[in-house]
>>> print(open('target.cif').read())   # mmCIF, C-alpha atoms and all ligand atoms
data_coords
loop_
_atom_site.label_atom_id
_atom_site.label_comp_id
_atom_site.auth_asym_id
_atom_site.auth_seq_id
_atom_site.Cartn_x
_atom_site.Cartn_y
_atom_site.Cartn_z
CA MET O 167 -47.78 9.27 -53.50
CA VAL O 168 -47.17 9.40 -57.26
CA SER O 169 -50.14 11.26 -58.70
CA GLY O 170 -52.50 9.25 -60.87
CA LYS O 171 -53.04 12.38 -62.98
CA MET O 172 -49.48 12.39 -64.28
CA THR O 173 -49.38 11.94 -68.01
CA THR O 174 -47.22 9.44 -69.84
CA GLY O 175 -45.33 12.47 -71.17
CA SER O 176 -44.46 13.61 -67.62
CA ARG O 177 -43.23 10.16 -66.68
CA ALA O 178 -41.11 9.88 -69.82
CA LEU O 179 -39.66 13.34 -69.13
CA ALA O 180 -38.91 12.33 -65.54
CA GLU O 181 -36.97 9.32 -66.79
CA ARG O 182 -34.97 11.49 -69.20
CA VAL O 183 -34.13 13.93 -66.38
CA ARG O 184 -32.99 11.09 -64.12
CA ALA O 185 -30.93 9.55 -66.91
CA LYS O 186 -29.24 12.89 -67.61
CA ALA O 187 -28.49 13.44 -63.93
CA ALA O 188 -26.92 9.98 -63.69
CA GLU O 189 -24.94 10.51 -66.90
CA LEU O 190 -23.53 13.75 -65.46
CA GLY O 191 -22.41 11.97 -62.28
CA PHE O 192 -25.07 13.02 -59.75
CA CYS O 193 -25.57 10.20 -57.26
CA LYS O 194 -29.28 10.80 -56.82
CA CYS O 195 -32.10 12.76 -58.44
CA GLY O 196 -35.65 13.22 -57.17
CA PHE O 197 -38.73 15.34 -57.72
CA THR O 198 -41.12 17.08 -55.39
CA THR O 199 -43.98 19.54 -55.56
CA MET O 200 -43.85 23.32 -55.15
CA ASP O 201 -45.82 23.10 -51.88
CA ASP O 202 -44.48 24.95 -48.85
CA LEU O 203 -41.73 23.08 -47.03
CA PRO O 204 -42.88 21.98 -43.59
CA ARG O 205 -41.16 22.57 -40.23
CA VAL O 206 -38.44 24.83 -41.57
CA SER O 207 -39.60 28.10 -40.06
CA GLU O 208 -40.42 26.49 -36.69
CA GLU O 209 -37.02 24.79 -36.64
CA ALA O 210 -35.25 28.07 -37.30
CA SER O 211 -37.20 29.84 -34.52
CA ARG O 212 -36.47 26.96 -32.14
CA ARG O 213 -32.78 27.31 -33.00
CA ARG O 214 -33.07 31.08 -32.40
CA TYR O 215 -31.61 32.04 -35.79
CA PRO O 216 -30.51 35.69 -36.10
CA ASP O 217 -32.99 37.87 -38.04
CA PHE O 218 -31.14 37.72 -41.35
CA PHE O 219 -31.11 33.90 -41.39
CA GLN O 220 -34.67 33.64 -40.07
CA GLN O 221 -35.89 35.78 -42.98
CA MET O 222 -33.84 33.80 -45.49
CA VAL O 223 -35.20 30.50 -44.15
CA GLU O 224 -38.78 31.79 -44.09
CA ARG O 225 -38.56 32.91 -47.70
CA GLY O 226 -36.85 29.70 -48.79
CA SER O 227 -39.60 27.49 -47.43
CA HIS O 228 -42.16 28.92 -49.88
CA PRO O 229 -40.99 27.66 -53.28
CA ARG O 230 -43.89 29.31 -55.16
CA GLU O 231 -42.72 32.71 -53.97
CA LEU O 232 -39.24 31.97 -55.31
CA TYR O 233 -40.55 30.98 -58.75
CA PRO O 234 -44.25 31.58 -59.35
CA ALA O 235 -44.15 29.76 -62.73
CA GLY O 236 -42.79 26.61 -61.08
CA ARG O 237 -44.71 23.33 -61.05
CA SER O 238 -42.09 20.92 -59.69
CA ILE O 239 -38.71 20.89 -57.95
CA ILE O 240 -35.80 18.78 -59.19
CA VAL O 241 -33.31 17.87 -56.44
CA LEU O 242 -29.84 16.64 -57.35
CA ALA O 243 -27.21 15.26 -54.97
CA TYR O 244 -23.53 15.07 -55.81
CA ASP O 245 -21.24 12.68 -53.89
CA PHE O 246 -17.87 14.36 -53.39
CA SER O 247 -16.46 11.67 -51.11
CA ARG O 248 -14.69 10.07 -54.09
CA ILE O 249 -12.29 13.03 -54.26
CA ARG O 250 -8.90 12.40 -52.64
CA PHE O 251 -8.67 15.22 -50.10
CA PRO O 252 -5.01 15.95 -49.26
CA GLU O 253 -4.25 15.24 -45.57
CA LYS O 254 -2.45 18.55 -45.35
CA LEU O 255 -5.69 20.44 -46.03
CA THR O 256 -8.45 18.51 -44.21
CA PRO O 257 -7.40 19.52 -40.66
CA HIS O 258 -7.90 23.16 -41.67
CA ILE O 259 -10.55 23.36 -44.39
CA ALA O 260 -13.94 21.59 -44.55
CA ARG O 261 -14.37 19.10 -47.38
CA THR O 262 -17.42 20.90 -48.78
CA TYR O 263 -15.16 23.79 -49.77
CA LEU O 264 -12.26 21.58 -50.87
CA SER O 265 -14.69 19.78 -53.16
CA ARG O 266 -15.40 23.07 -55.01
CA THR O 267 -19.01 21.98 -55.44
CA TYR O 268 -20.86 24.55 -53.31
CA PHE O 269 -21.63 27.45 -55.67
CA PRO O 270 -18.95 26.29 -58.06
CA LEU O 271 -16.85 28.90 -59.80
CA ALA O 272 -16.86 29.28 -63.57
CA GLY O 273 -14.52 26.76 -65.19
CA SER O 274 -14.70 24.23 -62.33
CA PRO O 275 -15.83 20.64 -63.03
CA MET O 276 -19.03 21.14 -61.03
CA ARG O 277 -19.95 24.38 -62.82
CA ASP O 278 -19.47 22.56 -66.13
CA ARG O 279 -21.71 19.73 -64.86
CA LEU O 280 -24.45 22.16 -63.80
CA ASP O 281 -24.16 24.06 -67.08
CA ALA O 282 -24.63 20.78 -68.95
CA PHE O 283 -27.70 19.96 -66.86
CA GLU O 284 -29.15 23.43 -67.49
CA ALA O 285 -28.48 23.12 -71.23
CA PHE O 286 -30.37 19.82 -71.15
CA LEU O 287 -33.36 21.46 -69.41
CA GLU O 288 -33.37 24.16 -72.09
CA GLU O 289 -33.23 21.55 -74.86
CA GLU O 290 -36.26 19.90 -73.26
CA GLY O 291 -38.07 23.27 -73.38
CA ILE O 292 -38.17 23.48 -69.56
CA ALA O 293 -37.96 26.94 -67.98
CA PHE O 294 -36.24 26.90 -64.59
CA GLU O 295 -34.87 28.83 -61.65
CA PRO O 296 -31.82 27.39 -59.85
CA ASP O 297 -32.06 27.20 -56.02
CA ARG O 298 -29.50 30.04 -55.62
CA ASN O 299 -29.13 28.92 -52.00
CA ALA O 300 -32.51 30.57 -51.37
CA LEU O 301 -34.55 27.35 -51.50
CA MET O 302 -34.26 25.32 -48.28
CA MET O 303 -32.50 22.36 -49.81
CA ARG O 304 -32.52 19.72 -47.09
CA PRO O 305 -36.29 19.69 -46.45
CA ALA O 306 -36.86 19.80 -50.23
CA ALA O 307 -34.47 16.88 -50.71
CA LEU O 308 -36.19 14.88 -47.96
CA ARG O 309 -39.57 15.35 -49.61
CA ALA O 310 -38.08 14.41 -53.00
CA GLY O 311 -36.89 11.12 -51.50
CA VAL O 312 -33.24 12.00 -52.15
CA ILE O 313 -31.96 12.12 -48.55
CA THR O 314 -32.70 11.26 -44.95
CA PHE O 315 -31.56 13.49 -42.04
CA GLY O 316 -28.79 12.66 -39.62
CA ARG O 317 -28.99 13.71 -35.98
CA ASN O 318 -26.22 16.19 -36.80
CA ASN O 319 -28.75 17.92 -39.16
CA PHE O 320 -26.93 16.68 -42.22
CA ALA O 321 -28.53 15.33 -45.33
CA TYR O 322 -27.48 11.72 -46.03
CA VAL O 323 -27.89 9.85 -49.28
CA ASP O 324 -28.41 6.14 -48.66
CA GLY O 325 -25.28 4.15 -49.35
CA VAL O 326 -23.24 7.35 -49.80
CA GLY O 327 -23.27 9.40 -46.58
CA SER O 328 -23.36 13.13 -45.93
CA LEU O 329 -20.41 14.23 -48.09
CA VAL O 330 -22.90 15.39 -50.65
CA THR O 331 -23.83 18.78 -52.05
CA LEU O 332 -27.46 19.43 -52.91
CA TYR O 333 -28.77 21.41 -55.87
CA GLY O 334 -32.34 22.40 -56.62
CA TYR O 335 -34.11 23.48 -59.80
CA LEU O 336 -37.59 24.99 -59.68
CA VAL O 337 -39.04 24.06 -63.07
CA ASP O 338 -42.19 24.90 -65.00
CA ALA O 339 -42.68 21.23 -66.01
CA GLU O 340 -44.95 18.79 -64.21
CA LEU O 341 -42.84 15.89 -62.89
CA PRO O 342 -44.21 12.99 -60.83
CA PRO O 343 -43.26 13.63 -57.20
CA ASP O 344 -41.17 10.94 -55.53
CA GLU O 345 -42.10 9.27 -52.28
CA PRO O 346 -40.60 11.29 -49.36
CA SER O 347 -37.86 9.53 -47.38
CA PRO O 348 -38.24 8.55 -43.73
CA ASP O 349 -36.92 11.48 -41.62
CA CYS O 350 -33.91 9.99 -39.89
CA ALA O 351 -31.92 6.82 -40.54
CA CYS O 352 -29.31 7.09 -37.75
CA PRO O 353 -28.59 4.05 -35.57
CA PRO O 354 -30.92 4.17 -32.55
CA GLY O 355 -29.49 6.14 -29.63
CA CYS O 356 -26.31 7.17 -31.50
CA HIS O 357 -24.79 10.47 -30.34
CA THR O 358 -21.25 10.35 -31.76
CA CYS O 359 -21.83 13.59 -33.70
CA ILE O 360 -22.98 15.45 -30.58
CA ASP O 361 -19.95 14.21 -28.61
CA ALA O 362 -17.59 15.19 -31.46
CA CYS O 363 -18.68 18.82 -31.92
CA PRO O 364 -15.69 20.85 -30.66
CA THR O 365 -17.71 23.90 -29.65
CA GLY O 366 -20.86 22.29 -28.25
CA ALA O 367 -22.80 23.90 -31.12
CA LEU O 368 -24.57 20.60 -31.69
CA LYS O 369 -26.35 20.52 -28.35
CA ALA O 370 -28.65 17.60 -29.00
CA ALA O 371 -30.05 15.70 -31.96
CA PHE O 372 -31.33 18.25 -34.54
CA ASP O 373 -30.37 21.10 -32.27
CA LEU O 374 -27.57 23.24 -33.71
CA ASP O 375 -26.63 26.57 -32.15
CA LEU O 376 -25.70 28.32 -35.39
CA GLU O 377 -23.62 31.02 -33.70
CA LYS O 378 -21.41 28.41 -32.06
CA CYS O 379 -20.75 26.49 -35.28
CA ILE O 380 -17.09 26.97 -36.27
CA LEU O 381 -18.05 28.10 -39.74
CA TRP O 382 -19.95 30.97 -38.15
CA ASP O 383 -16.89 32.42 -36.40
CA ASN O 384 -14.29 31.72 -39.02
CA ALA O 385 -16.27 32.60 -42.15
CA ILE O 386 -19.72 34.11 -41.66
CA CYS O 387 -19.14 36.55 -38.82
CA PRO O 388 -16.77 38.94 -40.52
CA ARG O 389 -19.74 39.93 -42.70
CA ARG O 390 -22.69 39.23 -40.38
CA GLY O 391 -22.83 38.91 -36.61
CA THR O 392 -20.09 39.93 -34.20
CA GLY O 393 -17.69 41.29 -36.82
CA PRO O 394 -13.97 40.72 -37.23
CA GLU O 395 -13.09 40.03 -33.54
CA ILE O 396 -13.75 36.41 -32.55
CA PRO O 397 -14.81 36.52 -28.88
CA GLU O 398 -11.84 35.21 -26.84
CA GLU O 399 -13.79 32.42 -25.16
CA ARG O 400 -14.68 31.00 -28.59
CA ARG O 401 -11.16 30.88 -30.02
CA ASP O 402 -9.83 27.77 -28.27
CA PRO O 403 -12.51 25.30 -29.53
CA ILE O 404 -11.90 26.42 -33.12
CA GLY O 405 -8.67 24.40 -32.99
CA GLU O 406 -6.72 24.56 -36.23
CA HIS O 407 -9.75 25.02 -38.49
CA VAL O 408 -9.46 28.04 -40.76
CA HIS O 409 -12.59 27.53 -42.88
CA GLY O 410 -15.49 25.38 -41.64
CA CYS O 411 -15.31 22.11 -39.74
CA ASP O 412 -16.27 18.50 -40.48
CA ALA O 413 -16.06 17.05 -36.94
CA CYS O 414 -19.70 15.95 -36.68
CA GLN O 415 -19.53 14.29 -40.08
CA GLU O 416 -16.13 12.65 -39.49
CA ALA O 417 -17.38 11.00 -36.28
CA CYS O 418 -20.56 9.66 -37.86
CA PRO O 419 -20.81 5.88 -38.36
CA ARG O 420 -22.91 6.55 -41.46
CA ASN O 421 -19.88 8.21 -43.08
CA GLN O 422 -17.16 5.67 -42.39
CA THR O 423 -17.20 4.17 -45.90
CA ALA O 424 -17.16 7.63 -47.49
CA LEU O 425 -14.17 8.63 -45.32
CA ASP O 426 -12.15 5.46 -45.94
CA PRO O 427 -9.06 6.56 -47.92
CA ALA O 428 -9.49 3.51 -50.19
CA HIS O 429 -12.83 4.96 -51.27
CA ALA O 430 -11.24 8.13 -52.68
CA THR O 431 -10.35 7.38 -56.26
CA GLU O 432 -10.53 10.82 -57.95
CA THR O 433 -7.61 13.23 -57.86
CA ASP O 434 -8.27 16.94 -58.21
CA PRO O 435 -5.18 18.62 -59.70
CA VAL O 436 -6.20 21.99 -58.22
CA LEU O 437 -6.24 20.52 -54.70
CA GLU O 438 -2.98 18.65 -55.23
CA ARG O 439 -1.26 21.88 -56.29
CA ILE O 440 -2.72 23.88 -53.40
CA ALA O 441 -1.70 21.17 -50.92
CA LEU O 442 1.93 21.53 -52.02
CA GLU O 443 1.92 25.26 -51.34
CA PHE O 444 -0.46 25.53 -48.36
CA SER O 445 0.74 26.15 -44.81
CA LEU O 446 -0.55 28.16 -41.87
CA GLU O 447 2.54 30.36 -42.21
CA SER O 448 1.65 31.24 -45.82
CA LEU O 449 -1.95 31.91 -44.85
CA LEU O 450 -0.79 34.20 -42.03
CA HIS O 451 1.72 36.16 -44.12
CA MET O 452 -0.35 36.02 -47.34
CA PRO O 453 2.61 36.55 -49.72
CA ASP O 454 1.87 38.07 -53.14
CA GLY O 455 -0.22 35.71 -55.26
CA PHE O 456 -1.06 33.28 -52.43
CA TYR O 457 -4.62 34.53 -52.03
CA ASP O 458 -5.40 34.23 -55.75
CA GLU O 459 -3.65 30.91 -56.24
CA CYS O 460 -4.30 28.98 -53.02
CA VAL O 461 -7.10 30.63 -51.04
CA GLN O 462 -9.69 31.98 -53.44
CA PRO O 463 -10.01 28.79 -55.58
CA ILE O 464 -11.33 26.82 -52.56
CA MET O 465 -12.48 29.32 -49.92
CA TYR O 466 -14.56 31.63 -52.08
CA ASN O 467 -18.03 31.18 -50.61
CA TYR O 468 -18.23 33.78 -47.85
CA VAL O 469 -15.04 35.75 -47.33
CA ARG O 470 -13.49 38.19 -49.77
CA ASP O 471 -11.01 39.89 -47.43
CA PRO O 472 -7.57 38.20 -47.22
CA ALA O 473 -7.12 39.65 -43.69
CA VAL O 474 -9.91 37.36 -42.41
CA PHE O 475 -7.86 34.32 -43.44
CA GLN O 476 -4.73 35.83 -41.87
CA ARG O 477 -6.70 36.26 -38.65
CA ASN O 478 -7.92 32.65 -38.83
CA ALA O 479 -4.36 31.42 -39.39
CA ALA O 480 -3.29 33.29 -36.22
CA VAL O 481 -6.04 31.56 -34.20
CA ALA O 482 -5.07 28.14 -35.63
CA MET O 483 -1.41 28.76 -34.75
CA GLY O 484 -2.39 29.86 -31.22
CA ASN O 485 -4.31 26.62 -30.79
CA SER O 486 -1.55 24.40 -32.26
CA GLY O 487 0.64 24.35 -29.13
CA ASP O 488 3.65 24.79 -31.46
CA PRO O 489 5.99 27.59 -30.29
CA ARG O 490 7.78 27.56 -33.66
CA TYR O 491 4.95 29.76 -34.88
CA ILE O 492 5.84 32.57 -32.42
CA PRO O 493 8.32 34.46 -34.68
CA HIS O 494 5.80 34.29 -37.54
CA LEU O 495 3.08 35.75 -35.32
CA GLU O 496 5.44 38.44 -34.00
CA SER O 497 6.19 39.58 -37.52
CA GLU O 498 2.46 40.33 -38.01
CA LEU O 499 2.16 42.58 -34.94
CA ASP O 500 2.47 45.58 -37.25
CA ASN O 501 -0.10 44.25 -39.74
CA PRO O 502 -2.38 47.11 -40.88
CA ASP O 503 -5.49 45.06 -39.97
CA ASP O 504 -6.65 45.44 -36.34
CA ALA O 505 -8.02 41.90 -36.10
CA VAL O 506 -4.87 40.28 -37.51
CA ARG O 507 -2.78 42.13 -34.89
CA SER O 508 -5.09 41.37 -31.96
CA HIS O 509 -5.46 37.67 -32.83
CA ALA O 510 -1.70 37.33 -33.41
CA ARG O 511 -1.08 38.90 -29.98
CA TRP O 512 -3.55 36.44 -28.43
CA ALA O 513 -1.87 33.51 -30.18
CA ILE O 514 1.60 34.57 -28.99
CA GLY O 515 0.20 34.75 -25.44
CA ARG O 516 -1.06 31.18 -25.72
CA LEU O 517 2.16 29.78 -27.17
CA SER O 518 4.58 31.62 -24.87
C1 LIG Y 1 -27.85 28.62 -43.04
C2 LIG Y 1 -26.89 27.52 -43.46
C3 LIG Y 1 -25.83 27.25 -42.62
C4 LIG Y 1 -25.71 27.86 -41.23
C5 LIG Y 1 -26.54 27.05 -40.25
C6 LIG Y 1 -26.55 25.57 -40.54
C7 LIG Y 1 -27.53 24.70 -39.78
N1 LIG Y 1 -27.29 23.43 -39.74
O1 LIG Y 1 -28.49 25.14 -39.20
C8 LIG Y 1 -24.19 27.79 -40.98
C9 LIG Y 1 -23.56 29.04 -41.52
C10 LIG Y 1 -23.72 27.61 -39.54
C11 LIG Y 1 -23.85 26.60 -41.87
C12 LIG Y 1 -22.80 25.80 -41.68
C13 LIG Y 1 -22.51 24.68 -42.47
N2 LIG Y 1 -23.13 24.31 -43.59
CO1 LIG Y 1 -24.65 25.18 -44.29
N3 LIG Y 1 -26.25 25.89 -45.10
C14 LIG Y 1 -27.07 26.78 -44.67
C15 LIG Y 1 -28.24 26.91 -45.67
C16 LIG Y 1 -28.03 28.17 -46.50
C17 LIG Y 1 -29.62 26.89 -44.99
C18 LIG Y 1 -29.75 25.78 -43.92
C19 LIG Y 1 -30.80 26.13 -42.89
O2 LIG Y 1 -30.48 26.71 -41.87
N4 LIG Y 1 -32.05 25.80 -43.17
C20 LIG Y 1 -33.15 26.00 -42.22
C21 LIG Y 1 -33.16 24.81 -41.24
C22 LIG Y 1 -34.26 25.00 -40.21
O3 LIG Y 1 -33.44 23.68 -42.03
P1 LIG Y 1 -32.33 22.56 -42.36
O4 LIG Y 1 -31.29 22.50 -41.29
O5 LIG Y 1 -31.84 22.72 -43.75
O6 LIG Y 1 -33.27 21.27 -42.29
C23 LIG Y 1 -33.82 20.93 -41.01
C24 LIG Y 1 -35.30 21.22 -40.81
O7 LIG Y 1 -35.93 21.22 -42.04
C25 LIG Y 1 -35.73 20.10 -39.85
N5 LIG Y 1 -36.79 19.20 -40.29
C26 LIG Y 1 -37.60 19.23 -41.35
N6 LIG Y 1 -38.45 18.20 -41.32
C27 LIG Y 1 -38.15 17.50 -40.23
C28 LIG Y 1 -38.74 16.36 -39.70
C29 LIG Y 1 -38.23 15.83 -38.49
C30 LIG Y 1 -38.85 14.62 -37.95
C31 LIG Y 1 -37.16 16.46 -37.80
C32 LIG Y 1 -36.65 15.93 -36.52
C33 LIG Y 1 -36.58 17.63 -38.35
C34 LIG Y 1 -37.11 18.12 -39.54
O8 LIG Y 1 -34.56 19.25 -39.72
C35 LIG Y 1 -33.73 19.45 -40.85
C36 LIG Y 1 -32.29 18.96 -40.59
O9 LIG Y 1 -31.70 19.72 -39.59
C37 LIG Y 1 -28.09 25.60 -46.54
C38 LIG Y 1 -28.40 25.75 -48.04
C39 LIG Y 1 -29.86 25.83 -48.28
N7 LIG Y 1 -30.25 26.81 -49.04
O10 LIG Y 1 -30.64 25.02 -47.77
C40 LIG Y 1 -26.61 25.21 -46.33
C41 LIG Y 1 -26.31 23.74 -46.12
C42 LIG Y 1 -27.26 23.19 -45.10
N8 LIG Y 1 -24.93 23.76 -45.51
C43 LIG Y 1 -24.22 22.83 -45.87
C44 LIG Y 1 -22.93 22.60 -45.33
C45 LIG Y 1 -22.08 21.56 -46.03
C46 LIG Y 1 -22.47 23.29 -44.20
C47 LIG Y 1 -21.19 22.99 -43.41
C48 LIG Y 1 -21.02 21.52 -43.19
C49 LIG Y 1 -19.92 23.49 -44.06
C50 LIG Y 1 -18.72 23.14 -43.17
N9 LIG Y 1 -18.21 21.90 -43.24
O11 LIG Y 1 -18.24 23.95 -42.45
C51 LIG Y 1 -21.40 23.75 -42.09
C52 LIG Y 1 -21.74 22.83 -40.94
C53 LIG Y 1 -23.10 23.07 -40.30
C54 LIG Y 1 -23.70 22.03 -39.42
N10 LIG Y 1 -23.01 21.47 -38.45
O12 LIG Y 1 -24.88 21.72 -39.65
C55 LIG Y 1 -24.88 21.90 -46.88
C56 LIG Y 1 -25.27 20.60 -46.18
C57 LIG Y 1 -25.17 19.39 -47.07
C58 LIG Y 1 -25.64 18.19 -46.30
N11 LIG Y 1 -25.14 17.03 -46.72
O13 LIG Y 1 -26.46 18.27 -45.41
C59 LIG Y 1 -26.13 22.76 -47.36
C60 LIG Y 1 -27.41 21.97 -47.63
C61 LIG Y 1 -25.68 23.46 -48.64
C62 LIG Y 1 -25.84 22.58 -49.89
N12 LIG Y 1 -26.50 23.10 -50.91
O14 LIG Y 1 -25.36 21.47 -49.99
N13 LIG Y 1 -24.79 26.43 -42.87
#
>>> encode(input="target.cif", output="structure tokens")
Amino acid sequence: MVSGKMTTGSRALAERVRAKAAELGFCKCGFTTMDDLPRVSEEASRRRYPDFFQQMVERGSHPRELYPAGRSIIVLAYDFSRIRFPEKLTPHIARTYLSRTYFPLAGSPMRDRLDAFEAFLEEEGIAFEPDRNALMMRPAALRAGVITFGRNNFAYVDGVGSLVTLYGYLVDAELPPDEPSPDCACPPGCHTCIDACPTGALKAAFDLDLEKCILWDNAICPRRGTGPEIPEERRDPIGEHVHGCDACQEACPRNQTALDPAHATETDPVLERIALEFSLESLLHMPDGFYDECVQPIMYNYVRDPAVFQRNAAVAMGNSGDPRYIPHLESELDNPDDAVRSHARWAIGRLS
């Protein structure tokens, strides 16, 4: 569907953008138009999103409203499956956050990479607006030919898998739109992701009950939704996850190469250091400095209150079946935070 009206200049610019993206380590780069993104609003209504998310999704499916000067969207995908994720951390923290690529903090390798890409756009005289999480990235990436969907809703880059973070730039330059990808490239009839979801949040292909997703209870809810108390019936399926969950991606046949330990060739010194110091006990007791040194560098996206992580550690301990945690939980029964106390009490009840 590459427009015949595109000038040679646009095509040459597109090649320079792709070359820069590749040079900076992005695994795929594609372009699409500023037209409204299809199906997004209907999908969100079908999934019965809470009002806040429904509004966010509605807004994010109209790129021209996000950046009226925009003429094209650049979509970038970064493959973080090459990072060696310490085994001590992956049972508790989702890889997206360990990768430090989702809204990267200043000074992180991904922030430096995005800064370099933005500097390049400026050098090319291109004005832009980053996606800021407002643009609906997966439908934009599908239309830009960067990804296909998995039945677990995830965006998959061919030959890479779903351990990718997506970035969007709304730009005032005309770039030749890429051919959209086919919607779904999962093996016919496969339902390993649906079977693997610990909470039943993934009810059927493309059907995620957002409020049952583990990330919702252990990270989003303290700020939006039910608040600091995780409903008791939802605590058990959280297992030992303290921030997000990768179960539907770990089970997926399309991710088995990405998850093969031999595939992970990059070591992140920040993760290696945190892995040495991390334990559920430390997260529960949150000794001086632990939040700044071991929690905030990786779990910075949604939660700012250390007590939320202490609460999550209590739930993980309660679900571990390990009675050695009982004295640790007992010592938090006088914690000043109501939710830490109530979840510690619940965990002691389970382990006793
Ligand atoms: C809201 C949100 C959430 C919500 C709800 C997620 C959901 N799946 O519905 C919550 C808080 C629960 C959440 C959790 C997580 N999220 Co989130 N989240 C977002 C956010 C901000 C918007 C996503 C959204 O709801 N869009 C609206 C819905 C309707 O669209 P969609 O799911 O993106 O796309 C669907 C429709 O467009 C529809 N569709 C469109 N055309 C067509 C055509 C056909 C034929 C069909 C069948 C369907 C279809 O199907 C698409 C796939 O489901 C995006 C960032 C962004 N700005 O886009 C990140 C984002 C989706 N999250 C991301 C991640 C990594 C996560 C977590 C995995 C983190 C974790 N490990 O804990 C979890 C797991 C969630 C899960 N199992 O899906 C990544 C996903 C990367 C990837 N490879 O797909 C994103 C893209 C962030 C990023 N920039 O990389 N998230």
>>> residues_around(input="target.cif", residues="O:Leu190", least_positions_apart="3", cutoff="8 Å", atoms="only C-alpha atoms", output="JSON, numbers by chain")
{"O": [186, 187, 279, 282, 283]}
>>> residues_near_ligand(input="target.cif", ligand="ligand LIG 1 (chain Y)", cutoff="6 Å", atoms="only C-alpha atoms and all ligand atoms", output="PDB file with C-alpha atoms, in the frame of the given file")
ATOM      1  CA  ARG O 205     -41.160  22.570 -40.230  1.00  0.00           C
ATOM      2  CA  VAL O 206     -38.440  24.830 -41.570  1.00  0.00           C
ATOM      3  CA  GLU O 209     -37.020  24.790 -36.640  1.00  0.00           C
ATOM      4  CA  ALA O 210     -35.250  28.070 -37.300  1.00  0.00           C
ATOM      5  CA  VAL O 223     -35.200  30.500 -44.150  1.00  0.00           C
ATOM      6  CA  ALA O 260     -13.940  21.590 -44.550  1.00  0.00           C
ATOM      7  CA  THR O 262     -17.420  20.900 -48.780  1.00  0.00           C
ATOM      8  CA  ASN O 299     -29.130  28.920 -52.000  1.00  0.00           C
ATOM      9  CA  ALA O 300     -32.510  30.570 -51.370  1.00  0.00           C
ATOM     10  CA  LEU O 301     -34.550  27.350 -51.500  1.00  0.00           C
ATOM     11  CA  MET O 302     -34.260  25.320 -48.280  1.00  0.00           C
ATOM     12  CA  MET O 303     -32.500  22.360 -49.810  1.00  0.00           C
ATOM     13  CA  ARG O 304     -32.520  19.720 -47.090  1.00  0.00           C
ATOM     14  CA  PRO O 305     -36.290  19.690 -46.450  1.00  0.00           C
ATOM     15  CA  PHE O 315     -31.560  13.490 -42.040  1.00  0.00           C
ATOM     16  CA  ASN O 319     -28.750  17.920 -39.160  1.00  0.00           C
ATOM     17  CA  PHE O 320     -26.930  16.680 -42.220  1.00  0.00           C
ATOM     18  CA  ALA O 321     -28.530  15.330 -45.330  1.00  0.00           C
ATOM     19  CA  TYR O 322     -27.480  11.720 -46.030  1.00  0.00           C
ATOM     20  CA  SER O 328     -23.360  13.130 -45.930  1.00  0.00           C
ATOM     21  CA  LEU O 329     -20.410  14.230 -48.090  1.00  0.00           C
ATOM     22  CA  VAL O 330     -22.900  15.390 -50.650  1.00  0.00           C
ATOM     23  CA  THR O 331     -23.830  18.780 -52.050  1.00  0.00           C
ATOM     24  CA  LEU O 332     -27.460  19.430 -52.910  1.00  0.00           C
ATOM     25  CA  TYR O 333     -28.770  21.410 -55.870  1.00  0.00           C
ATOM     26  CA  ASP O 349     -36.920  11.480 -41.620  1.00  0.00           C
ATOM     27  CA  PHE O 372     -31.330  18.250 -34.540  1.00  0.00           C
ATOM     28  CA  LEU O 374     -27.570  23.240 -33.710  1.00  0.00           C
ATOM     29  CA  LEU O 376     -25.700  28.320 -35.390  1.00  0.00           C
ATOM     30  CA  CYS O 379     -20.750  26.490 -35.280  1.00  0.00           C
ATOM     31  CA  LEU O 381     -18.050  28.100 -39.740  1.00  0.00           C
ATOM     32  CA  TRP O 382     -19.950  30.970 -38.150  1.00  0.00           C
ATOM     33  CA  GLY O 410     -15.490  25.380 -41.640  1.00  0.00           C
ATOM     34  CA  CYS O 411     -15.310  22.110 -39.740  1.00  0.00           C
ATOM     35  CA  ASP O 412     -16.270  18.500 -40.480  1.00  0.00           C
TER      36      ASP O 412
END
>>> closest_residue(input="target.cif", among="O:Ala505, O:Ala417, O:Ile396, O:Leu442", to="O:Cys359", atoms="only C-alpha atoms")
O:Ala417
>>> closest_residue(input="target.cif", among="O:Lys194, O:Arg266, O:Arg182, O:His357", to="O:Asn467", atoms="all atoms listed in the file")
O:Arg266
>>> residues_near_point(input="target.cif", point="(-26.7, 18.1, -31.6)", cutoff="12 Å", atoms="only C-alpha atoms", output="MDAnalysis selection string")
chainID O and resid 213 316:320 356:376 378:379 413:415
>>> closest_residue(input="target.cif", among="O:Arg237, O:Arg277, O:His451, O:His409", to="O:Tyr335", atoms="all atoms listed in the file")
O:Arg237
>>> closest_residue(input="target.cif", among="O:Ser486, O:Thr199, O:Thr433, O:Gln476", to="O:Ala307", atoms="only C-alpha atoms")
O:Thr199
>>> residues_near_point(input="target.cif", point="(-5.0, 35.5, -34.3)", cutoff="6 Å", atoms="all atoms listed in the file", output="PyMOL selection string")
chain O and resi 477+480-481+506+509-510+513
>>> closest_residue(input="target.cif", among="O:Ser508, O:Asp503, O:Glu340, O:Pro427", to="O:Pro397", atoms="only C-alpha atoms")
O:Ser508
>>> atom_distance(input="target.cif", atom1="atom CA of O:Asp202", atom2="atom CA of O:Ala180")
21.7 Å
